[in-house]
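Peer 1: So here's target.cif, just mmCIF, C-alpha atoms and all ligand atoms:
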data_coords
#
loop_
_atom_site.label_atom_id
_atom_site.label_comp_id
_atom_site.auth_asym_id
_atom_site.auth_seq_id
_atom_site.Cartn_x
_atom_site.Cartn_y
_atom_site.Cartn_z
CA MET X 1 -24.40 3.73 -42.30
CA LYS X 2 -23.61 0.37 -40.87
CA THR X 3 -19.87 0.99 -41.41
CA LYS X 4 -20.09 4.33 -39.61
CA LEU X 5 -21.76 2.65 -36.71
CA ILE X 6 -19.04 0.00 -36.53
CA ILE X 7 -16.28 2.62 -36.77
CA GLY X 8 -18.03 4.63 -34.08
CA LEU X 9 -18.22 1.62 -31.80
CA ALA X 10 -14.57 0.73 -32.45
CA ALA X 11 -13.51 4.30 -31.64
CA ALA X 12 -15.57 4.22 -28.46
CA GLY X 13 -13.92 0.93 -27.54
CA LEU X 14 -10.43 2.37 -28.10
CA ALA X 15 -11.28 5.44 -26.05
CA GLY X 16 -12.48 3.16 -23.28
CA ALA X 17 -9.27 1.13 -23.38
CA ALA X 18 -7.15 4.31 -23.31
CA LEU X 19 -9.15 5.55 -20.35
CA ALA X 20 -8.66 2.26 -18.49
CA GLN X 21 -4.88 2.49 -19.07
CA THR X 22 -4.72 6.05 -17.79
CA GLY X 23 -6.69 4.88 -14.77
CA ALA X 24 -4.27 2.02 -14.13
CA ALA X 25 -1.20 4.28 -14.53
CA ASP X 26 -2.69 6.80 -12.10
CA THR X 27 -3.55 4.07 -9.62
CA ILE X 28 -0.01 2.61 -9.79
CA LYS X 29 1.48 6.07 -9.22
CA ALA X 30 -0.95 6.72 -6.35
CA ARG X 31 -0.07 3.45 -4.62
CA GLN X 32 3.66 4.08 -4.96
CA ALA X 33 3.23 7.59 -3.54
CA GLY X 34 1.08 6.12 -0.76
CA MET X 35 3.68 3.42 0.01
CA LYS X 36 6.35 6.15 0.18
CA VAL X 37 4.24 7.83 2.88
CA VAL X 38 3.98 4.44 4.63
CA GLY X 39 7.77 4.01 4.38
CA ALA X 40 8.52 7.50 5.71
CA SER X 41 6.00 7.18 8.55
CA PHE X 42 7.34 3.77 9.52
CA LYS X 43 10.88 5.14 9.54
CA GLY X 44 9.65 7.91 11.84
CA VAL X 45 8.30 5.29 14.25
CA MET X 46 11.52 3.23 14.11
CA ASP X 47 13.62 6.33 14.79
CA GLN X 48 11.51 6.91 17.92
CA SER X 49 11.88 3.27 18.96
CA ARG X 50 15.66 3.54 19.38
CA GLY X 51 15.54 5.70 22.49
CA THR X 52 12.56 6.54 24.69
CA PRO X 53 9.73 7.17 22.23
CA ASP X 54 7.94 10.51 22.18
CA ALA X 55 4.30 9.40 22.17
CA ALA X 56 3.14 12.53 20.31
CA VAL X 57 5.57 11.93 17.44
CA VAL X 58 4.66 8.23 17.25
CA LYS X 59 0.98 9.18 17.31
CA LYS X 60 1.43 11.44 14.28
CA HIS X 61 3.20 8.72 12.27
CA ALA X 62 0.85 5.95 13.44
CA ALA X 63 -2.16 8.03 12.40
CA ALA X 64 -0.62 8.39 8.93
CA LEU X 65 0.02 4.62 8.77
CA VAL X 66 -3.61 3.91 9.69
CA ALA X 67 -4.88 6.48 7.17
CA GLN X 68 -2.89 4.85 4.35
CA SER X 69 -4.10 1.42 5.42
CA ALA X 70 -7.68 2.29 4.50
CA LYS X 71 -6.53 2.91 0.92
CA ILE X 72 -4.50 -0.26 0.28
CA ASN X 73 -7.18 -2.39 -1.39
CA GLY X 74 -8.17 0.52 -3.64
CA TRP X 75 -4.53 0.89 -4.79
CA PHE X 76 -4.53 -2.66 -6.16
CA GLY X 77 -7.89 -2.82 -7.93
CA PRO X 78 -8.60 -5.09 -10.91
CA GLY X 79 -6.70 -4.11 -14.06
CA THR X 80 -3.92 -2.22 -12.23
CA ALA X 81 -1.21 -4.92 -12.36
CA THR X 82 0.63 -3.05 -15.11
CA ALA X 83 0.27 0.00 -17.33
CA PRO X 84 2.34 1.08 -20.35
CA GLY X 85 5.27 3.33 -19.45
CA VAL X 86 4.92 2.82 -15.69
CA LYS X 87 7.21 0.61 -13.61
CA THR X 88 5.68 -1.39 -10.83
CA SER X 89 7.08 -3.80 -8.25
CA ALA X 90 3.70 -5.34 -7.53
CA LEU X 91 3.81 -9.07 -8.33
CA PRO X 92 0.99 -10.80 -10.25
CA THR X 93 0.29 -12.72 -7.01
CA VAL X 94 -1.51 -9.60 -5.71
CA TRP X 95 -4.31 -10.48 -8.11
CA SER X 96 -3.91 -14.27 -8.40
CA ASN X 97 -3.91 -14.65 -4.59
CA SER X 98 -6.17 -11.75 -3.72
CA ALA X 99 -7.40 -13.45 -0.52
CA GLY X 100 -3.79 -13.72 0.71
CA PHE X 101 -3.12 -10.12 -0.25
CA ARG X 102 -6.20 -8.88 1.58
CA LYS X 103 -5.16 -10.89 4.64
CA ALA X 104 -1.70 -9.28 4.55
CA ALA X 105 -3.40 -5.87 4.37
CA VAL X 106 -5.61 -6.75 7.37
CA ASN X 107 -2.51 -7.84 9.36
CA TYR X 108 -0.91 -4.48 8.64
CA ASP X 109 -4.11 -2.63 9.56
CA THR X 110 -4.43 -4.50 12.88
CA GLN X 111 -0.82 -3.80 13.92
CA ALA X 112 -0.91 -0.14 12.78
CA LYS X 113 -4.07 0.42 14.85
CA LYS X 114 -2.46 -1.25 17.90
CA LEU X 115 0.51 1.10 17.53
CA LEU X 116 -1.81 4.11 17.34
CA ALA X 117 -3.70 2.89 20.44
CA LEU X 118 -0.43 2.60 22.40
CA ALA X 119 0.64 6.08 21.32
CA ASN X 120 -2.78 7.50 22.20
CA ALA X 121 -2.53 5.88 25.64
CA GLY X 122 0.99 7.27 26.11
CA ASP X 123 2.27 3.71 26.60
CA VAL X 124 5.79 4.47 25.39
CA ALA X 125 7.29 1.29 26.87
CA GLY X 126 5.20 -0.87 24.54
CA ILE X 127 5.98 1.10 21.38
CA PRO X 128 9.29 -0.47 20.23
CA ALA X 129 7.89 -4.03 20.32
CA GLN X 130 4.73 -2.93 18.55
CA ALA X 131 6.79 -1.12 15.91
CA ARG X 132 8.61 -4.42 15.26
CA ALA X 133 5.29 -6.28 15.03
CA LEU X 134 4.11 -3.74 12.48
CA GLY X 135 7.38 -4.08 10.55
CA GLY X 136 6.73 -7.81 10.33
CA THR X 137 3.51 -7.11 8.43
CA CYS X 138 5.39 -4.97 5.86
CA LYS X 139 7.80 -7.85 5.30
CA GLY X 140 4.96 -10.38 5.30
CA CYS X 141 3.30 -8.61 2.41
CA HIS X 142 6.44 -7.62 0.50
CA ASP X 143 7.84 -11.18 0.61
CA ASP X 144 4.84 -12.55 -1.27
CA PHE X 145 3.52 -9.61 -3.25
CA LYS X 146 6.36 -7.21 -4.09
CA ALA X 147 9.33 -7.83 -6.39
CA LYS X 148 12.64 -8.03 -4.51
CA GLY X 149 15.26 -5.36 -4.87
CA ASP X 150 12.91 -2.48 -5.75
C1 LIG X 201 -0.69 -5.64 1.85
C2 LIG X 201 0.61 -5.52 1.25
C3 LIG X 201 1.61 -4.50 1.71
C4 LIG X 201 1.83 -4.05 2.99
C5 LIG X 201 1.14 -4.45 4.28
C6 LIG X 201 2.92 -3.09 2.90
N1 LIG X 201 3.32 -2.97 1.60
FE1 LIG X 201 4.76 -1.70 0.92
N2 LIG X 201 4.36 -2.29 -1.00
C7 LIG X 201 3.51 -3.30 -1.38
C8 LIG X 201 3.56 -3.48 -2.81
C9 LIG X 201 2.77 -4.51 -3.61
C10 LIG X 201 4.47 -2.53 -3.30
C11 LIG X 201 4.85 -2.29 -4.77
C12 LIG X 201 3.90 -1.24 -5.38
C13 LIG X 201 4.21 -0.93 -6.85
O1 LIG X 201 5.39 -0.77 -7.20
O2 LIG X 201 3.25 -0.83 -7.63
C14 LIG X 201 4.97 -1.80 -2.13
C15 LIG X 201 5.91 -0.77 -2.18
C16 LIG X 201 6.49 -0.18 -1.08
C17 LIG X 201 7.52 0.84 -1.14
C18 LIG X 201 8.13 1.40 -2.41
C19 LIG X 201 7.31 2.61 -2.87
C20 LIG X 201 7.90 3.22 -4.16
O3 LIG X 201 7.41 2.89 -5.26
O4 LIG X 201 8.88 3.97 -4.03
C21 LIG X 201 7.85 1.15 0.17
C22 LIG X 201 8.88 2.17 0.64
C23 LIG X 201 7.01 0.34 1.04
N3 LIG X 201 6.19 -0.45 0.24
C24 LIG X 201 7.07 0.37 2.40
C25 LIG X 201 6.20 -0.34 3.25
C26 LIG X 201 6.28 -0.33 4.70
C27 LIG X 201 7.32 0.40 5.52
C28 LIG X 201 5.24 -1.10 5.13
C29 LIG X 201 4.82 -1.40 6.55
C30 LIG X 201 4.77 -0.32 7.52
C31 LIG X 201 4.55 -1.61 3.95
N4 LIG X 201 5.17 -1.15 2.83
C32 LIG X 201 3.45 -2.44 4.01
C33 LIG X 201 2.70 -4.02 -0.53
C34 LIG X 201 2.56 -3.82 0.84
#
Spit out the file's structure as structure tokens when you get a sec.

Peer 2:
Amino acid sequence: MKTKLIIGLAAAGLAGAALAQTGAADTIKARQAGMKVVGASFKGVMDQSRGTPDAAVVKKHAAALVAQSAKINGWFGPGTATAPGVKTSALPTVWSNSAGFRKAAVNYDTQAKKLLALANAGDVAGIPAQARALGGTCKGCHDDFKAKGD
């Protein structure tokens, strides 16, 4: 009786651990897919910044960048540093320096929203400089929290 109970508890514990790992793998995949959207949207903005920007195109990409921003902290929740069978470029500093990571995410959010505001206002002259400011927040986070070369 007692043994059955212990085996039952152990099995429940294993199931819980397996569930947590699936959760972490899914979260890592979701953040990489989300960052791909960020990368593609940012490229769209940079392409516009070379000539005279089309405010409507920048607006579309900036809206996507702002939408992804709201998800960043959720992509890096506790227990999602690694998962078996999934590669990740997120450095352990994301979790050991979570205040710094959150600050980097806020910097990105602030600059993405400024870009969207410029596009909404049709202020095309200000867009290239704001795109560069936003790019600085990508680098700011990647330098400290993402492995190089990935
Ligand atoms: C707050 C931190 C942070 C900000 C801001 C940020 N990134 Fe990232 N990014 C990361 C981390 C961490 C990874 C690695 C995720 C992983 O592999 O689990 C990453 C991964 C990526 C990837 C690779 C996705 C893949 O797996 O193929 C691209 C592309 C990318 N970021 C582009 C950008 C661009 C462009 C910006 C700015 C417009 C940006 N990121 C802003 C932290 C950030």

Peer 1: Record the distance separating atom CA of X:Gly126 and atom C18 of ligand LIG 201 (chain X), expressed in Å with one decimal.

Peer 2: 27.2 Å

Peer 1: For ligand LIG 201 (chain X), list the contacting residues at 6 Å or closer, counting only C-alpha atoms and all ligand atoms, as an MDAnalysis selection string.

Peer 2: chainID X and resid 28 32 35:36 38:39 42 88:90 101 104:105 108 135 137:138 141:142 145:146

Peer 1: Would you please work out which residue, of X:Val45, X:Val86, X:Val37, X:Val106, is nearest to X:Ala129 when using all atoms listed in the file?

Peer 2: X:Val45

Peer 1: Find the residue from X:Ala147, X:Ala133, X:Ala25, X:Trp75 that sits nearest to X:Pro92; use all atoms listed in the file when measuring.

Peer 2: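 Among the listed residues, X:Ala147 lies closest to X:Pro92.
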
Peer 1: X:Lys29, X:Gln68, X:Lys59, X:Arg102: which is nearest X:Lys114, counting only C-alpha atoms?

Peer 2: X:Lys59
